[in-house]
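Peer 1: Got a file for you: my_file_19.pdb, PDB, C-alpha atoms.
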```
MODEL        1
ATOM      1  CA  MET U   1       3.136  12.585  14.124
ATOM      2  CA  HIS U   2       2.110  15.739  15.955
ATOM      3  CA  ARG U   3       4.420  17.901  13.826
ATOM      4  CA  VAL U   4       2.993  16.465  10.611
ATOM      5  CA  ASN U   5      -0.584  16.979  11.816
ATOM      6  CA  ARG U   6       0.160  20.585  12.733
ATOM      7  CA  ALA U   7       1.817  21.292   9.369
ATOM      8  CA  VAL U   8      -1.068  19.675   7.503
ATOM      9  CA  ALA U   9      -3.549  21.795   9.441
ATOM     10  CA  LYS U  10      -1.611  24.984   8.564
ATOM     11  CA  LEU U  11      -1.691  23.961   4.901
ATOM     12  CA  ASN U  12      -5.398  23.101   5.115
ATOM     13  CA  ARG U  13      -4.728  19.605   3.777
ATOM     14  CA  ASP U  14      -5.816  16.107   4.684
ATOM     15  CA  ILE U  15      -3.605  13.190   5.587
ATOM     16  CA  LEU U  16      -4.037   9.927   3.754
ATOM     17  CA  HIS U  17      -2.452   7.212   5.848
ATOM     18  CA  VAL U  18      -1.235   4.247   3.811
ATOM     19  CA  TRP U  19       0.323   1.509   5.926
ATOM     20  CA  VAL U  20       2.060  -1.390   4.176
ATOM     21  CA  ILE U  21       2.372  -4.633   6.117
ATOM     22  CA  ASP U  22       4.057  -7.949   5.680
ATOM     23  CA  GLU U  23       2.833 -11.102   7.389
ATOM     24  CA  GLU U  24       4.822 -10.527  10.591
ATOM     25  CA  ALA U  25       3.512  -9.140  13.889
ATOM     26  CA  ASP U  26       5.734  -6.035  13.962
ATOM     27  CA  GLY U  27       3.741  -4.302  11.209
ATOM     28  CA  ILE U  28       0.599  -4.720  13.277
ATOM     29  CA  THR U  29       2.302  -3.591  16.475
ATOM     30  CA  LEU U  30       3.712  -0.466  14.826
ATOM     31  CA  LEU U  31       0.402   0.330  13.134
ATOM     32  CA  ASN U  32      -1.290   0.166  16.519
ATOM     33  CA  ARG U  33       1.048   2.937  17.707
ATOM     34  CA  VAL U  34       0.090   5.275  14.851
ATOM     35  CA  LYS U  35      -3.476   4.189  14.113
ATOM     36  CA  ASP U  36      -4.777   7.660  14.946
ATOM     37  CA  PHE U  37      -2.424   9.428  12.524
ATOM     38  CA  ALA U  38      -5.344  10.038  10.164
ATOM     39  CA  PRO U  39      -9.082   9.488  10.406
ATOM     40  CA  PRO U  40     -10.047   5.851   9.786
ATOM     41  CA  LYS U  41     -11.764   6.652   6.467
ATOM     42  CA  GLN U  42      -8.451   8.109   5.301
ATOM     43  CA  THR U  43      -6.430   5.071   6.346
ATOM     44  CA  LEU U  44      -5.517   2.185   4.057
ATOM     45  CA  ILE U  45      -3.726  -0.957   5.161
ATOM     46  CA  VAL U  46      -1.906  -2.602   2.261
ATOM     47  CA  MET U  47      -0.999  -6.276   2.443
ATOM     48  CA  ASN U  48       2.220  -6.480   0.411
ATOM     49  CA  GLY U  49       2.155  -9.527  -1.851
ATOM     50  CA  ARG U  50       5.918  -9.873  -1.745
ATOM     51  CA  PHE U  51       5.356 -11.424   1.662
ATOM     52  CA  GLY U  52       2.382 -13.646   0.899
ATOM     53  CA  ASP U  53       0.696 -14.830  -2.254
ATOM     54  CA  SER U  54      -2.833 -13.891  -1.183
ATOM     55  CA  PRO U  55      -4.626 -11.889   1.505
ATOM     56  CA  HIS U  56      -5.141 -15.175   3.360
ATOM     57  CA  SER U  57      -1.372 -15.353   3.943
ATOM     58  CA  PHE U  58      -1.674 -12.446   6.372
ATOM     59  CA  VAL U  59      -2.989 -14.622   9.174
ATOM     60  CA  LEU U  60      -1.834 -12.455  12.073
ATOM     61  CA  TRP U  61      -3.415  -9.373  10.532
ATOM     62  CA  HIS U  62      -6.700 -11.181   9.867
ATOM     63  CA  GLU U  63      -6.790 -12.512  13.425
ATOM     64  CA  SER U  64      -5.857  -9.212  15.068
ATOM     65  CA  GLU U  65      -8.182  -7.124  17.178
ATOM     66  CA  LEU U  66      -6.617  -4.057  15.573
ATOM     67  CA  ARG U  67      -7.917  -5.094  12.147
ATOM     68  CA  GLU U  68     -11.414  -5.559  13.504
ATOM     69  CA  GLU U  69     -11.259  -2.201  15.283
ATOM     70  CA  MET U  70      -9.893  -0.246  12.334
ATOM     71  CA  LEU U  71     -12.201  -1.719   9.706
ATOM     72  CA  ALA U  72     -15.212  -1.161  11.967
ATOM     73  CA  ALA U  73     -14.159   2.496  12.278
ATOM     74  CA  GLY U  74     -14.000   2.902   8.497
ATOM     75  CA  ALA U  75     -10.412   2.101   7.545
ATOM     76  CA  SER U  76      -9.818   0.166   4.343
ATOM     77  CA  GLU U  77      -7.540  -2.687   3.462
ATOM     78  CA  THR U  78      -6.271  -4.071   0.202
ATOM     79  CA  PHE U  79      -3.864  -6.651  -1.145
ATOM     80  CA  ILE U  80      -1.289  -5.920  -3.816
ATOM     81  CA  PRO U  81       0.400  -8.783  -5.622
ATOM     82  CA  ALA U  82       4.140  -8.941  -6.082
ATOM     83  CA  LEU U  83       5.567  -7.738  -9.358
ATOM     84  CA  GLN U  84       7.422 -10.486 -11.210
ATOM     85  CA  ILE U  85      11.096 -10.666 -10.264
ATOM     86  CA  ARG U  86      12.672  -9.634 -13.599
ATOM     87  CA  PRO U  87      10.866  -6.322 -14.125
ATOM     88  CA  ARG U  88      10.982  -5.625 -10.384
ATOM     89  CA  THR U  89      14.761  -6.078 -10.348
ATOM     90  CA  LYS U  90      15.304  -3.935 -13.453
ATOM     91  CA  ILE U  91      13.150  -1.141 -12.022
ATOM     92  CA  ALA U  92      14.938  -1.285  -8.672
ATOM     93  CA  ARG U  93      18.394  -1.255 -10.238
ATOM     94  CA  ALA U  94      17.481   1.675 -12.482
ATOM     95  CA  ARG U  95      15.946   3.514  -9.519
ATOM     96  CA  CYS U  96      13.183   4.755 -11.772
ATOM     97  CA  PRO U  97       9.629   5.503 -10.697
ATOM     98  CA  PHE U  98       6.877   3.030 -11.514
ATOM     99  CA  ASP U  99       4.875   5.661 -13.370
ATOM    100  CA  ASP U 100       7.689   6.454 -15.833
ATOM    101  CA  LEU U 101       9.742   3.544 -17.099
ATOM    102  CA  SER U 102      11.112   5.516 -20.056
ATOM    103  CA  MET U 103      14.720   5.145 -18.865
ATOM    104  CA  LEU U 104      14.319   1.379 -18.816
ATOM    105  CA  THR U 105      14.268  -1.269 -21.523
ATOM    106  CA  LEU U 106      11.952  -4.116 -20.614
ATOM    107  CA  SER U 107      11.495  -7.161 -22.801
ATOM    108  CA  VAL U 108       8.009  -7.779 -24.167
ATOM    109  CA  SER U 109       7.276 -10.361 -21.474
ATOM    110  CA  GLU U 110       8.537  -7.984 -18.785
ATOM    111  CA  GLN U 111       6.368  -5.207 -20.213
ATOM    112  CA  VAL U 112       3.337  -7.497 -20.108
ATOM    113  CA  ASP U 113       4.165  -8.593 -16.547
ATOM    114  CA  PHE U 114       4.467  -4.958 -15.502
ATOM    115  CA  GLU U 115       1.251  -3.886 -17.232
ATOM    116  CA  LEU U 116      -0.739  -6.731 -15.667
ATOM    117  CA  TRP U 117       0.704  -5.905 -12.253
ATOM    118  CA  TRP U 118       0.004  -2.167 -12.691
ATOM    119  CA  ASP U 119      -3.625  -2.968 -13.597
ATOM    120  CA  ASP U 120      -3.850  -4.976 -10.354
ATOM    121  CA  ILE U 121      -2.424  -2.034  -8.396
ATOM    122  CA  ILE U 122      -4.976   0.366  -9.871
ATOM    123  CA  ARG U 123      -7.806  -2.040  -8.990
ATOM    124  CA  ALA U 124      -6.421  -2.519  -5.474
ATOM    125  CA  PHE U 125      -6.168   1.202  -4.696
ATOM    126  CA  ARG U 126      -9.241   2.493  -6.531
ATOM    127  CA  PRO U 127     -11.839   1.868  -3.754
ATOM    128  CA  PHE U 128      -9.691   3.756  -1.245
ATOM    129  CA  CYS U 129      -9.076   6.592  -3.709
ATOM    130  CA  VAL U 130     -12.819   6.912  -4.238
ATOM    131  CA  GLN U 131     -13.562   6.704  -0.480
ATOM    132  CA  SER U 132     -10.983   9.354   0.335
ATOM    133  CA  GLY U 133     -12.124  11.663  -2.463
ATOM    134  CA  LEU U 134      -9.012  11.438  -4.642
ATOM    135  CA  VAL U 135     -11.020  10.205  -7.639
ATOM    136  CA  GLN U 136     -14.696   9.841  -8.491
TER     137      GLN U 136
ENDMDL
END
```
Write out the structure in this file as structure tokens.

Peer 2:
Amino acid sequence: MHRVNRAVAKLNRDILHVWVIDEEADGITLLNRVKDFAPPKQTLIVMNGRFGDSPHSFVLWHESELREEMLAAGASETFIPALQIRPRTKIARARCPFDDLSMLTLSVSEQVDFELWWDDIIRAFRPFCVQSGLVQ
């Protein structure tokens, strides 16, 4: 962490800290160790929908003192839904990036599933991108 902070300072850049959690306690415990990696307003905690179908599934996170502390300091949180299994599996097997599926042939229903999911991802990340100055 200290090496990254020093390199970022030399490059005159900011760190955006995006921490993805599942519903288990270890994600919270590990986040607590690195919570000061970036300023709170540049920290986003992402509840990964592959591990729970709604933000309410992340009970340990919602009940944690760390959540209360970080949100009070200005950190953000969001929930991203899981991508449907068929397009997710095809993308993973092809090892292609989510922003360029040109090497992949998805069926119409898979394309629609992906597009709906991608729209959800954009909505989920937009407030943090605005807060951190990435977009207006």

Peer 1: Translate the PyMOL selection byres ((chain U and resi 67-69) around 12) into a concrete residue list for this structure, as a ChimeraX atom specification.

Peer 2: /U:21,27-29,31-32,35-36,40,43-47,58-66,70-77

Peer 1: Would you kindly return, as number ranges by chain, each protein, DNA or RNA residue with an atom no farther than 9 Å from any atom of Met1 of chain U, considering all atoms listed in the file and excluding same-chain residues fewer than 2 positions away?

Peer 2: U: 3-6, 34, 37

Peer 1: Which distance in Å separates atom CA of Ala82 of chain U and atom CA of Leu30 of chain U, to one decimal?

Peer 2: 22.6 Å

Peer 1: May I ask which of the residues U:Leu101, U:Ala94, U:Ala124, U:Ile80 is the closest one to Asp22 of chain U, counting only C-alpha atoms?

Peer 2: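 Counting only C-alpha atoms, the residue closest to Asp22 of chain U is U:Ile80.
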
Peer 1: Could you check the closest approach to Asp120 of chain U for each of U:Ile91, U:Leu16, U:Ala25, U:Leu83 and tell me which residue wins, using all atoms listed in the file?

Peer 2: U:Leu83

Peer 1: Just give me the gap between atom CA of Asp99 of chain U and atom CA of Asp14 of chain U in Å, one decimal is fine.

Peer 2: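 The value is 23.4 Å.
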
Peer 1: Neighbours of Ser132 of chain U within 9 Å (all atoms listed in the file; same-chain residues fewer than 3 positions away dropped), as an MDAnalysis selection string?

Peer 2: chainID U and resid 16 41:43 127:129 135

Peer 1: One number please: atom CA of His17 of chain U to atom CA of Ser102 of chain U, in Å, one decimal.

Peer 2: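 Taking atom CA of His17 of chain U as the start and atom CA of Ser102 of chain U as the end point, the length is 29.3 Å.
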
Peer 1: Please give the centre and size of the box around segment 21-31 of chain U (axis-aligned, containing every atom listed in the file, 8 Å added per side), with values in Å to one decimal and written as AutoDock Vina command-line options.

Peer 2:
```
--center_x 3.1 --center_y -5.4 --center_z 11.1 --size_x 21.3 --size_y 27.4 --size_z 26.8
```

Peer 1: Taking only C-alpha atoms into account, which of U:Leu116, U:Arg50, U:Pro39, U:Pro97 comes nearest Ile85 of chain U?

Peer 2: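 Answer, going by the shortest atom-to-atom distance: U:Arg50.
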
Peer 1: Which of these, U:Pro87, U:Ala92, U:Val130, U:Arg123, has the shortest distance to Gln111 of chain U once you count only C-alpha atoms?

Peer 2: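 Distance minimum relative to Gln111 of chain U lands on U:Pro87.
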